[in-house]
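Pasted below: entry-v1.cif, mmCIF, C-alpha atoms and all ligand atoms.
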data_query
#
loop_
_atom_site.label_atom_id
_atom_site.label_comp_id
_atom_site.auth_asym_id
_atom_site.auth_seq_id
_atom_site.Cartn_x
_atom_site.Cartn_y
_atom_site.Cartn_z
CA MET A 30 18.70 -24.34 1.17
CA LYS A 31 18.36 -28.09 0.90
CA ALA A 32 19.68 -29.80 -2.23
CA ALA A 33 20.22 -33.41 -3.35
CA ILE A 34 23.70 -33.74 -4.80
CA VAL A 35 25.42 -36.40 -6.90
CA LYS A 36 29.00 -36.50 -5.70
CA ASP A 37 30.09 -39.78 -7.22
CA PHE A 38 28.41 -42.09 -9.78
CA ALA A 39 28.96 -45.07 -7.49
CA ARG A 40 27.46 -43.54 -4.34
CA PRO A 41 23.97 -42.53 -3.21
CA LEU A 42 22.97 -38.87 -3.50
CA SER A 43 23.62 -36.72 -0.50
CA VAL A 44 20.98 -34.28 0.76
CA GLU A 45 22.75 -31.24 2.19
CA GLU A 46 22.42 -27.57 3.04
CA ARG A 47 23.87 -25.19 0.44
CA ASP A 48 23.84 -21.42 0.03
CA VAL A 49 20.98 -20.03 -2.04
CA PRO A 50 22.65 -19.05 -5.35
CA GLU A 51 22.71 -15.50 -6.77
CA PRO A 52 21.11 -15.00 -10.19
CA GLY A 53 23.29 -13.51 -12.95
CA ALA A 54 21.99 -10.74 -15.23
CA GLU A 55 20.12 -13.16 -17.55
CA GLN A 56 19.02 -15.56 -14.80
CA VAL A 57 16.11 -16.06 -12.44
CA LEU A 58 16.16 -17.56 -8.98
CA VAL A 59 13.25 -20.00 -8.66
CA GLU A 60 11.87 -21.23 -5.34
CA ILE A 61 11.00 -24.82 -6.21
CA GLU A 62 7.57 -26.13 -5.24
CA ALA A 63 7.58 -29.46 -7.07
CA SER A 64 10.34 -31.44 -8.75
CA GLY A 65 9.65 -34.60 -10.76
CA LEU A 66 11.87 -37.67 -10.78
CA CYS A 67 12.56 -38.62 -14.40
CA HIS A 68 14.36 -41.89 -15.16
CA THR A 69 16.97 -39.65 -16.86
CA ASP A 70 17.98 -38.42 -13.38
CA ILE A 71 18.88 -42.00 -12.49
CA HIS A 72 20.94 -42.35 -15.68
CA ALA A 73 22.62 -39.02 -14.81
CA ALA A 74 23.40 -40.00 -11.21
CA ARG A 75 24.94 -43.29 -12.35
CA GLY A 76 26.84 -41.92 -15.34
CA ASP A 77 25.03 -44.36 -17.65
CA TRP A 78 25.49 -42.44 -20.90
CA PRO A 79 28.45 -41.78 -23.21
CA VAL A 80 28.44 -38.05 -22.35
CA ARG A 81 28.57 -37.91 -18.55
CA PRO A 82 27.77 -35.01 -16.25
CA ALA A 83 30.55 -33.80 -13.91
CA PRO A 84 29.95 -34.37 -10.17
CA PRO A 85 29.18 -32.68 -7.93
CA PHE A 86 25.87 -31.70 -9.52
CA VAL A 87 22.20 -31.34 -8.59
CA PRO A 88 19.87 -33.42 -10.84
CA GLY A 89 16.32 -32.51 -11.80
CA HIS A 90 14.70 -31.13 -14.96
CA GLU A 91 11.01 -31.24 -14.04
CA GLY A 92 11.22 -28.24 -11.70
CA ILE A 93 8.21 -26.04 -11.00
CA GLY A 94 8.43 -22.99 -8.79
CA ILE A 95 8.01 -19.28 -8.28
CA VAL A 96 10.47 -16.71 -9.57
CA ARG A 97 11.81 -14.87 -6.52
CA ARG A 98 14.55 -12.76 -8.12
CA ALA A 99 15.33 -11.81 -11.70
CA GLY A 100 18.57 -10.43 -13.17
CA ASP A 101 18.59 -7.01 -14.87
CA LEU A 102 18.37 -8.41 -18.41
CA VAL A 103 15.43 -10.75 -17.78
CA ARG A 104 12.37 -9.56 -19.69
CA HIS A 105 9.66 -12.17 -20.13
CA VAL A 106 9.14 -13.34 -16.54
CA ARG A 107 9.15 -11.42 -13.25
CA PRO A 108 9.16 -12.21 -9.53
CA GLY A 109 5.95 -13.95 -8.52
CA ASP A 110 5.52 -15.86 -11.81
CA ARG A 111 5.25 -19.67 -11.74
CA VAL A 112 7.65 -21.27 -14.21
CA ALA A 113 8.97 -24.64 -15.33
CA ILE A 114 12.65 -25.53 -15.45
CA ALA A 115 12.91 -28.20 -18.15
CA TRP A 116 15.78 -30.19 -19.70
CA LEU A 117 16.74 -27.40 -22.14
CA ALA A 118 18.43 -25.04 -19.69
CA GLN A 119 19.77 -22.82 -22.44
CA ALA A 120 20.53 -22.90 -26.16
CA CYS A 121 22.49 -20.47 -28.34
CA GLY A 122 19.38 -18.92 -29.91
CA ARG A 123 21.24 -18.21 -33.17
CA CYS A 124 22.18 -21.48 -34.90
CA GLY A 125 20.19 -23.12 -37.69
CA TYR A 126 18.49 -25.46 -35.24
CA CYS A 127 17.54 -22.70 -32.80
CA VAL A 128 16.03 -20.42 -35.44
CA THR A 129 14.07 -23.14 -37.25
CA GLY A 130 12.14 -24.57 -34.32
CA HIS A 131 14.65 -27.29 -33.45
CA GLU A 132 16.25 -25.71 -30.40
CA THR A 133 16.56 -29.06 -28.62
CA LEU A 134 19.17 -30.03 -31.26
CA CYS A 135 21.34 -26.95 -30.60
CA GLU A 136 25.00 -28.00 -30.30
CA GLN A 137 25.65 -25.29 -27.70
CA GLN A 138 22.82 -26.29 -25.35
CA LEU A 139 23.08 -26.71 -21.61
CA ASN A 140 20.86 -29.18 -19.78
CA SER A 141 19.22 -28.79 -16.39
CA GLY A 142 20.34 -31.33 -13.82
CA TYR A 143 23.08 -32.54 -16.14
CA SER A 144 25.47 -29.84 -17.38
CA VAL A 145 24.05 -27.23 -14.98
CA ASP A 146 22.53 -27.72 -11.52
CA GLY A 147 18.88 -28.70 -11.64
CA ALA A 148 15.73 -28.73 -9.56
CA TYR A 149 16.35 -31.31 -6.79
CA ALA A 150 16.68 -28.36 -4.42
CA GLU A 151 14.68 -25.71 -2.61
CA TYR A 152 16.01 -23.06 -5.02
CA ALA A 153 17.41 -23.28 -8.54
CA LEU A 154 18.88 -20.85 -11.02
CA ALA A 155 17.63 -20.83 -14.59
CA HIS A 156 18.00 -18.73 -17.72
CA GLY A 157 15.19 -16.15 -17.89
CA ASP A 158 14.48 -16.88 -21.57
CA TYR A 159 14.36 -20.66 -21.19
CA VAL A 160 11.98 -21.09 -18.26
CA VAL A 161 8.43 -21.74 -19.47
CA PRO A 162 5.52 -19.97 -17.73
CA VAL A 163 3.05 -22.34 -16.07
CA PRO A 164 -0.53 -21.17 -16.58
CA ASP A 165 -2.75 -20.53 -13.57
CA GLY A 166 -4.98 -23.49 -12.86
CA ILE A 167 -2.32 -26.21 -13.21
CA ASP A 168 -1.30 -27.85 -9.94
CA PRO A 169 2.52 -27.61 -9.63
CA LEU A 170 2.58 -31.33 -8.76
CA ASP A 171 1.02 -32.03 -12.19
CA ALA A 172 3.08 -29.38 -14.00
CA ALA A 173 6.32 -31.08 -12.90
CA PRO A 174 5.86 -34.38 -14.82
CA LEU A 175 4.39 -32.47 -17.76
CA SER A 176 7.68 -30.55 -18.06
CA CYS A 177 9.63 -33.59 -19.22
CA ALA A 178 7.48 -36.74 -19.35
CA GLY A 179 4.65 -34.74 -20.91
CA VAL A 180 6.48 -32.61 -23.42
CA THR A 181 8.77 -35.46 -24.50
CA THR A 182 5.95 -37.85 -25.30
CA TYR A 183 3.75 -35.16 -26.83
CA LYS A 184 6.62 -34.41 -29.20
CA ALA A 185 7.26 -38.13 -29.82
CA VAL A 186 3.63 -38.73 -30.77
CA LYS A 187 3.73 -35.65 -33.02
CA VAL A 188 6.85 -36.81 -34.90
CA SER A 189 5.43 -40.34 -35.20
CA GLY A 190 2.88 -38.97 -37.66
CA ALA A 191 -0.01 -40.47 -35.66
CA ARG A 192 -3.49 -39.54 -36.81
CA PRO A 193 -7.01 -40.80 -36.08
CA ALA A 194 -6.66 -43.81 -38.40
CA SER A 195 -3.35 -44.88 -36.81
CA ARG A 196 -2.65 -47.72 -34.42
CA VAL A 197 -0.05 -46.52 -31.89
CA LEU A 198 1.89 -48.86 -29.60
CA VAL A 199 3.42 -47.45 -26.43
CA SER A 200 6.17 -49.63 -24.97
CA GLY A 201 6.55 -48.89 -21.21
CA ILE A 202 3.68 -47.29 -19.30
CA GLY A 203 5.83 -45.44 -16.75
CA GLY A 204 6.37 -41.74 -16.19
CA LEU A 205 6.66 -41.03 -19.90
CA GLY A 206 4.51 -43.85 -21.22
CA HIS A 207 1.33 -43.09 -19.28
CA LEU A 208 1.34 -39.64 -20.89
CA ALA A 209 2.36 -40.97 -24.33
CA LEU A 210 -0.73 -43.18 -24.23
CA GLN A 211 -2.95 -40.18 -23.46
CA TYR A 212 -1.44 -38.07 -26.26
CA ALA A 213 -1.90 -40.94 -28.73
CA LYS A 214 -5.56 -41.05 -27.69
CA ALA A 215 -5.82 -37.25 -27.94
CA PHE A 216 -4.56 -37.57 -31.54
CA GLY A 217 -7.47 -39.98 -32.07
CA ALA A 218 -5.42 -43.14 -32.56
CA GLU A 219 -6.20 -46.75 -31.58
CA THR A 220 -3.73 -47.64 -28.82
CA ILE A 221 -1.73 -50.68 -27.71
CA ALA A 222 -0.01 -50.47 -24.31
CA VAL A 223 2.91 -52.73 -23.33
CA ASP A 224 4.48 -53.18 -19.91
CA VAL A 225 5.83 -55.81 -17.52
CA THR A 226 3.94 -55.13 -14.28
CA ASP A 227 0.29 -55.82 -13.47
CA ALA A 228 -0.15 -52.36 -11.98
CA LYS A 229 1.05 -50.62 -15.16
CA LEU A 230 -1.11 -52.83 -17.36
CA ASP A 231 -4.11 -51.97 -15.15
CA LEU A 232 -3.21 -48.28 -15.36
CA ALA A 233 -3.08 -48.52 -19.16
CA ARG A 234 -6.59 -50.03 -19.21
CA GLU A 235 -7.84 -47.33 -16.85
CA LEU A 236 -6.38 -44.67 -19.14
CA GLY A 237 -8.32 -46.17 -22.03
CA ALA A 238 -5.79 -48.31 -23.93
CA ASP A 239 -7.63 -50.31 -26.60
CA HIS A 240 -5.25 -53.27 -26.26
CA VAL A 241 -2.81 -54.27 -23.54
CA ILE A 242 0.15 -56.62 -23.98
CA ASP A 243 2.09 -58.14 -21.09
CA ALA A 244 5.70 -58.35 -22.31
CA ARG A 245 6.48 -60.98 -19.63
CA THR A 246 4.17 -63.55 -21.13
CA SER A 247 3.60 -62.50 -24.74
CA ASP A 248 5.70 -62.03 -27.85
CA VAL A 249 5.01 -58.29 -28.20
CA ALA A 250 5.86 -58.03 -31.89
CA ALA A 251 3.77 -61.06 -32.87
CA GLU A 252 0.84 -59.99 -30.72
CA ALA A 253 0.87 -56.45 -32.14
CA ARG A 254 1.10 -57.73 -35.71
CA ARG A 255 -1.86 -60.03 -34.98
CA LEU A 256 -3.78 -56.81 -34.22
CA GLY A 257 -2.73 -55.47 -37.64
CA GLY A 258 0.66 -54.01 -36.64
CA ALA A 259 1.55 -50.56 -35.40
CA ASP A 260 1.65 -47.48 -37.61
CA ALA A 261 3.68 -45.89 -34.85
CA ALA A 262 5.50 -47.30 -31.84
CA ILE A 263 6.76 -45.06 -29.04
CA GLY A 264 9.74 -46.68 -27.26
CA VAL A 265 9.84 -45.45 -23.68
CA ALA A 266 10.75 -48.65 -21.77
CA VAL A 267 14.36 -48.59 -20.55
CA SER A 268 15.34 -51.76 -22.39
CA SER A 269 16.97 -52.51 -25.74
CA ALA A 270 14.90 -55.71 -25.97
CA ALA A 271 11.71 -53.67 -25.57
CA LEU A 272 12.82 -51.25 -28.31
CA GLN A 273 13.57 -54.21 -30.58
CA ALA A 274 10.14 -55.69 -29.89
CA ALA A 275 8.51 -52.32 -30.61
CA TYR A 276 10.32 -52.21 -33.95
CA GLY A 277 9.07 -55.72 -34.68
CA ALA A 278 5.52 -54.57 -33.97
CA LEU A 279 5.50 -52.12 -36.90
CA ARG A 280 3.40 -52.72 -39.97
CA ARG A 281 4.65 -51.63 -43.37
CA GLY A 282 5.10 -47.85 -43.49
CA GLY A 283 5.26 -47.71 -39.70
CA ALA A 284 7.57 -45.55 -37.59
CA LEU A 285 9.40 -46.40 -34.38
CA VAL A 286 10.13 -43.34 -32.26
CA LEU A 287 13.11 -43.97 -29.98
CA VAL A 288 12.82 -42.06 -26.71
CA ALA A 289 14.19 -44.29 -23.93
CA LEU A 290 17.96 -44.24 -23.45
CA PRO A 291 18.98 -47.58 -21.89
CA GLU A 292 22.67 -47.81 -21.00
CA ASP A 293 24.52 -49.22 -24.06
CA GLY A 294 21.22 -49.24 -25.96
CA VAL A 295 21.30 -50.85 -29.40
CA LEU A 296 18.71 -51.57 -32.07
CA GLU A 297 19.28 -54.07 -34.85
CA LEU A 298 17.74 -53.12 -38.17
CA PRO A 299 16.97 -55.93 -40.62
CA VAL A 300 17.77 -53.93 -43.76
CA PHE A 301 15.73 -55.99 -46.23
CA ASP A 302 12.55 -55.85 -44.15
CA HIS A 303 13.14 -52.18 -43.30
CA VAL A 304 13.51 -51.17 -46.95
CA LEU A 305 10.72 -53.25 -48.41
CA GLY A 306 8.46 -52.24 -45.55
CA GLY A 307 9.23 -48.54 -45.98
CA LYS A 308 9.71 -48.26 -42.21
CA LYS A 309 11.15 -45.38 -40.23
CA VAL A 310 13.17 -45.12 -37.03
CA ILE A 311 13.17 -41.64 -35.51
CA GLY A 312 15.14 -40.36 -32.50
CA SER A 313 13.21 -37.82 -30.44
CA ILE A 314 14.65 -35.63 -27.71
CA VAL A 315 12.35 -33.75 -25.29
CA GLY A 316 10.43 -30.86 -26.93
CA THR A 317 10.77 -27.12 -27.44
CA ARG A 318 9.54 -24.38 -25.12
CA GLU A 319 6.57 -23.98 -27.44
CA ASP A 320 5.81 -27.73 -27.25
CA LEU A 321 5.72 -27.39 -23.45
CA ALA A 322 3.40 -24.39 -23.65
CA GLU A 323 1.10 -26.56 -25.81
CA VAL A 324 1.32 -29.41 -23.28
CA PHE A 325 0.18 -27.05 -20.52
CA ARG A 326 -2.75 -25.83 -22.64
CA ILE A 327 -3.79 -29.41 -23.46
CA HIS A 328 -3.70 -30.24 -19.75
CA LEU A 329 -5.78 -27.16 -18.86
CA ARG A 330 -8.42 -28.38 -21.33
CA GLY A 331 -8.65 -31.60 -19.30
CA ALA A 332 -7.21 -33.91 -21.96
CA THR A 333 -4.44 -35.34 -19.76
CA ARG A 334 -4.29 -36.84 -16.28
CA VAL A 335 -0.95 -36.92 -14.49
CA ILE A 336 -0.58 -40.02 -12.34
CA ARG A 337 1.91 -39.21 -9.58
CA GLU A 338 2.84 -39.78 -5.96
CA THR A 339 4.63 -37.25 -3.79
CA ARG A 340 7.79 -37.78 -1.77
CA ARG A 341 10.19 -35.69 0.33
CA LEU A 342 13.58 -34.80 -1.14
CA GLU A 343 15.31 -36.68 1.71
CA GLN A 344 13.80 -39.89 0.28
CA VAL A 345 15.58 -39.46 -3.05
CA ASN A 346 17.72 -42.61 -2.87
CA ASP A 347 14.77 -44.82 -1.90
CA CYS A 348 12.83 -43.17 -4.72
CA PHE A 349 15.47 -44.20 -7.27
CA ASP A 350 15.14 -47.80 -6.02
CA GLU A 351 11.35 -47.63 -6.28
CA VAL A 352 11.52 -46.44 -9.88
CA LEU A 353 14.11 -49.08 -10.81
CA ALA A 354 11.90 -51.76 -9.27
CA GLY A 355 8.95 -50.55 -11.36
CA ALA A 356 7.07 -50.03 -8.09
CA VAL A 357 5.67 -46.51 -8.61
CA SER A 358 2.23 -45.77 -10.03
CA ALA A 359 3.75 -43.64 -12.82
CA ARG A 360 5.73 -40.59 -11.63
CA LEU A 361 7.29 -39.58 -8.30
CA VAL A 362 7.32 -35.86 -7.53
CA PHE A 363 9.25 -34.21 -4.69
CA ASP A 364 6.96 -31.78 -2.89
CA LEU A 365 9.24 -29.00 -1.66
CA ARG A 366 6.57 -26.70 -0.27
CA GLY A 367 7.16 -26.04 3.45
P1 LIG A 401 10.03 -45.19 -15.96
O1 LIG A 401 10.97 -46.02 -15.18
O2 LIG A 401 9.05 -44.33 -15.24
O3 LIG A 401 9.17 -46.08 -16.98
C1 LIG A 401 9.67 -47.19 -17.66
C2 LIG A 401 8.50 -48.18 -17.83
O4 LIG A 401 8.93 -49.25 -18.67
C3 LIG A 401 8.01 -48.80 -16.53
O5 LIG A 401 6.60 -48.72 -16.46
C4 LIG A 401 8.48 -50.27 -16.64
O6 LIG A 401 7.62 -51.17 -15.96
C5 LIG A 401 8.41 -50.46 -18.16
N1 LIG A 401 9.20 -51.58 -18.67
C6 LIG A 401 10.36 -52.09 -18.21
N2 LIG A 401 10.76 -53.11 -18.98
C7 LIG A 401 9.86 -53.22 -19.99
C8 LIG A 401 9.73 -54.07 -21.12
N3 LIG A 401 10.64 -55.02 -21.39
N4 LIG A 401 8.66 -53.91 -21.93
C9 LIG A 401 7.74 -52.95 -21.68
N5 LIG A 401 7.81 -52.12 -20.60
C10 LIG A 401 8.85 -52.26 -19.79
O7 LIG A 401 10.96 -44.27 -16.91
P2 LIG A 401 10.63 -42.85 -17.59
O8 LIG A 401 10.91 -41.76 -16.62
O9 LIG A 401 9.32 -42.94 -18.25
O10 LIG A 401 11.81 -42.77 -18.68
C11 LIG A 401 11.92 -43.75 -19.70
C12 LIG A 401 13.19 -43.56 -20.51
O11 LIG A 401 13.07 -42.39 -21.32
C13 LIG A 401 14.49 -43.38 -19.72
O12 LIG A 401 15.54 -44.08 -20.39
C14 LIG A 401 14.73 -41.89 -19.80
O13 LIG A 401 16.10 -41.53 -19.65
C15 LIG A 401 14.25 -41.61 -21.20
N6 LIG A 401 13.89 -40.23 -21.47
C16 LIG A 401 14.15 -39.76 -22.71
C17 LIG A 401 13.78 -38.48 -23.06
C18 LIG A 401 14.01 -37.97 -24.44
O14 LIG A 401 13.85 -36.77 -24.66
N7 LIG A 401 14.36 -38.81 -25.40
C19 LIG A 401 13.15 -37.66 -22.11
C20 LIG A 401 12.88 -38.17 -20.85
C21 LIG A 401 13.25 -39.47 -20.53
ZN ZN A 402 13.23 -36.23 -18.21
ZN ZN A 403 21.53 -23.04 -31.18
#
Will you turn the file into structure tokens for me?
Ligand code: NAD
Ligand code: ZN
Ligand code: ZN
Amino acid sequence: MKAAIVKDFARPLSVEERDVPEPGAEQVLVEIEASGLCHTDIHAARGDWPVRPAPPFVPGHEGIGIVRRAGDLVRHVRPGDRVAIAWLAQACGRCGYCVTGHETLCEQQLNSGYSVDGAYAEYALAHGDYVVPVPDGIDPLDAAPLSCAGVTTYKAVKVSGARPASRVLVSGIGGLGHLALQYAKAFGAETIAVDVTDAKLDLARELGADHVIDARTSDVAAEARRLGGADAAIGVAVSSAALQAAYGALRRGGALVLVALPEDGVLELPVFDHVLGGKKVIGSIVGTREDLAEVFRIHLRGATRVIRETRRLEQVNDCFDEVLAGAVSARLVFDLRG
């Protein structure tokens, strides 16, 4: 099978032939149809974060495909089922986090395309209990971005406390942000979209943003406060300055949800303003298997539109450059079918 492999943080990925792996008793072997390129994969391949993956490894945690083989202990999916391989490759299932609906905080978790090989390949192994069934009627090329960009921003909007009377600012209308904007609208909120490219600002308008701010030419915080300030800001631009500006956009009582993970990211909190303004800063990491099932149902109802372009896996290094240059419409998806 073909797989894209990170061998060294300083070198491009290498696309090579590998043996198709054998599933263990609790695992499934998934023939990948579509695999999304999340900005996290770029951070992973470059070793951007304090906890680094160990090369060689296969990135990818927006993998959609068909179960071809299942180990003896796998119960809830069978060969022929379409499933998603998301960031949460496996958790312990027993700790306080796992049993109270916070499995993405499990200290024992493994992560697809980071601590275990992911979906930038024609086949991938996954834990039978942690793949999420993809309902019939969802195009695998749409299901891929929904499996990380979708579930992560759905969860972020949920934890922001957004409701119909809220004004929600989304900072960065990329893979994650274009879906964050749609979830904020689905929650009934007034929306402010922020980005630094004309194409993304146009996309935000097309997706129904009520206000659009160009961070190249405007003071985002001042502009947002002129509109009344944000009750919630979703930080998905890969930039500490953008996160700081999103914090500055909050009105009293507002919440900033931190989602983007820029290398060496920092946020300065002015304590006096934070306390008197009763503000909140919340870290949000992906979403649970149930959140992803909800994301698929919301998509089936027609409430979300996935903006994506397809590429071949061999183009992976050019694709990373495209994403870093902000030159993609929203999400790139590797189409691995035939
Ligand atoms: P992306 O590259 O597709 O999108 C980033 C967007 O931000 C682009 O549209 C870009 O034009 C815009 N941007 C850049 N500078 C900006 C600025 N100063 N102000 C406003 N917009 C700006 O990336 P993505 O795949 O959407 O991922 C975003 C981040 O989220 C990454 O750091 C990724 O690792 C992280 N992430 C976190 C989680 C989580 O669970 N917390 C999950 C997935 C991804
Ligand atoms: Zn991701
Ligand atoms: Zn656990």
*asked:* If the limit is 8 Å from any atom of ligand ZN 403 (chain A), counting all atoms listed in the file, which residues qualify? Return them as a ChimeraX atom specification.
replied: /A:120-128,132,134-138
*Expected selection as a PyMOL selection string for ligand ZN 402 (chain A) within 6 Å, all atoms listed in the file*: chain A and resi 67+69+177-178
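Note that atom O12 of ligand LIG 401 (chain A) and atom CA of A:Asp224 are 14.3 Å apart.
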_Which residue of A:Ser189, A:Ser144, A:Gln56, A:Ser269 approaches A:Val310 most closely, using all atoms listed in the file_ = A:Ser189
Shell of 9 Å around A:Leu198, all atoms listed in the file, local chain residues under 6 positions omitted, as a short mmCIF file (atom, residue, chain, number, x, y, z; two decimals) with C-alpha atoms, in the coordinates of the input:
data_model
loop_
_atom_site.label_atom_id
_atom_site.label_comp_id
_atom_site.auth_asym_id
_atom_site.auth_seq_id
_atom_site.Cartn_x
_atom_site.Cartn_y
_atom_site.Cartn_z
CA LEU A 210 -0.73 -43.18 -24.23
CA ALA A 213 -1.90 -40.94 -28.73
CA GLU A 219 -6.20 -46.75 -31.58
CA THR A 220 -3.73 -47.64 -28.82
CA ILE A 221 -1.73 -50.68 -27.71
CA ALA A 222 -0.01 -50.47 -24.31
CA VAL A 223 2.91 -52.73 -23.33
CA ALA A 253 0.87 -56.45 -32.14
CA GLY A 258 0.66 -54.01 -36.64
CA ALA A 259 1.55 -50.56 -35.40
CA ASP A 260 1.65 -47.48 -37.61
CA ALA A 261 3.68 -45.89 -34.85
CA ALA A 262 5.50 -47.30 -31.84
CA ILE A 263 6.76 -45.06 -29.04
CA GLY A 264 9.74 -46.68 -27.26
CA ALA A 275 8.51 -52.32 -30.61
CA ALA A 278 5.52 -54.57 -33.97
CA LEU A 279 5.50 -52.12 -36.90
#
Contact table chain A vs ligand LIG 401 (chain A), cut-off 8 Å, shortest pair per residue, all atoms listed in the file, as a Markdown table:
| residue | atom | partner | partner_atom | distance |
| --- | --- | --- | --- | --- |
| A:Leu66 | CA | A:LIG401 | O8 | 7.2 |
| A:Cys67 | CA | A:LIG401 | O8 | 4.2 |
| A:His68 | CA | A:LIG401 | O8 | 3.7 |
| A:Thr69 | CA | A:LIG401 | O13 | 3.5 |
| A:Asp70 | CA | A:LIG401 | O13 | 7.2 |
| A:Ile71 | CA | A:LIG401 | O13 | 7.7 |
| A:His72 | CA | A:LIG401 | O13 | 6.3 |
| A:Cys177 | CA | A:LIG401 | C20 | 5.8 |
| A:Ala178 | CA | A:LIG401 | C20 | 5.8 |
| A:Thr181 | CA | A:LIG401 | O14 | 5.2 |
| A:Thr182 | CA | A:LIG401 | C19 | 7.9 |
| A:Ser200 | CA | A:LIG401 | C9 | 4.9 |
| A:Gly201 | CA | A:LIG401 | O4 | 3.5 |
| A:Ile202 | CA | A:LIG401 | O5 | 4.3 |
| A:Gly203 | CA | A:LIG401 | O5 | 3.4 |
| A:Gly204 | CA | A:LIG401 | O9 | 3.8 |
| A:Leu205 | CA | A:LIG401 | O9 | 3.7 |
| A:Gly206 | CA | A:LIG401 | O9 | 5.7 |
| A:Val223 | CA | A:LIG401 | C9 | 5.1 |
| A:Asp224 | CA | A:LIG401 | N5 | 3.6 |
| A:Val225 | CA | A:LIG401 | C10 | 5.2 |
| A:Thr226 | CA | A:LIG401 | O6 | 5.7 |
| A:Lys229 | CA | A:LIG401 | O5 | 6.0 |
| A:Asp243 | CA | A:LIG401 | C9 | 7.7 |
| A:Ala244 | CA | A:LIG401 | N4 | 5.3 |
| A:Arg245 | CA | A:LIG401 | N3 | 7.5 |
| A:Val265 | CA | A:LIG401 | C11 | 4.8 |
| A:Ala266 | CA | A:LIG401 | O4 | 3.6 |
| A:Val267 | CA | A:LIG401 | O12 | 4.7 |
| A:Ser268 | CA | A:LIG401 | N3 | 5.8 |
| A:Ala270 | CA | A:LIG401 | N3 | 6.3 |
| A:Ala271 | CA | A:LIG401 | N3 | 4.5 |
| A:Leu287 | CA | A:LIG401 | N7 | 7.0 |
| A:Val288 | CA | A:LIG401 | N7 | 3.8 |
| A:Ala289 | CA | A:LIG401 | O11 | 3.4 |
| A:Leu290 | CA | A:LIG401 | O12 | 3.9 |
| A:Pro291 | CA | A:LIG401 | O12 | 5.1 |
| A:Gly312 | CA | A:LIG401 | N7 | 7.3 |
| A:Ser313 | CA | A:LIG401 | N7 | 5.3 |
| A:Ile314 | CA | A:LIG401 | O14 | 3.4 |
| A:Val315 | CA | A:LIG401 | O14 | 3.4 |
| A:Gly316 | CA | A:LIG401 | O14 | 7.2 |
| A:Val352 | CA | A:LIG401 | O1 | 5.3 |
| A:Leu353 | CA | A:LIG401 | O1 | 6.2 |
| A:Ala354 | CA | A:LIG401 | O6 | 8.0 |
| A:Gly355 | CA | A:LIG401 | O6 | 4.8 |
| A:Ala356 | CA | A:LIG401 | O6 | 8.0 |
| A:Val357 | CA | A:LIG401 | O2 | 7.8 |
| A:Ala359 | CA | A:LIG401 | O2 | 5.9 |
| A:Arg360 | CA | A:LIG401 | O2 | 6.2 |
*atom CA of A:Val180 to atom CA of A:Lys308: how many Å, to one decimal?*
24.7 Å
*Just the residues within 12 Å of stretch 49-55 of chain A, please, counting all atoms listed in the file, with nothing from its chain fewer than 2 positions along; format it as a PyMOL selection string.*
chain A and resi 30-32+46-47+57-61+96-107+119+146+150-160
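For the point (10.6, -49.2, -45.8), the residues with an atom at a distance of at most 12 Å are A:Leu279, A:Arg280, A:Arg281, A:Gly282, A:Gly283, A:Ala284, A:Leu285, A:Leu298, A:Pro299, A:Val300, A:Phe301, A:Asp302, A:His303, A:Val304, A:Leu305, A:Gly306, A:Gly307, A:Lys308, A:Lys309, A:Val310, counting all atoms listed in the file.
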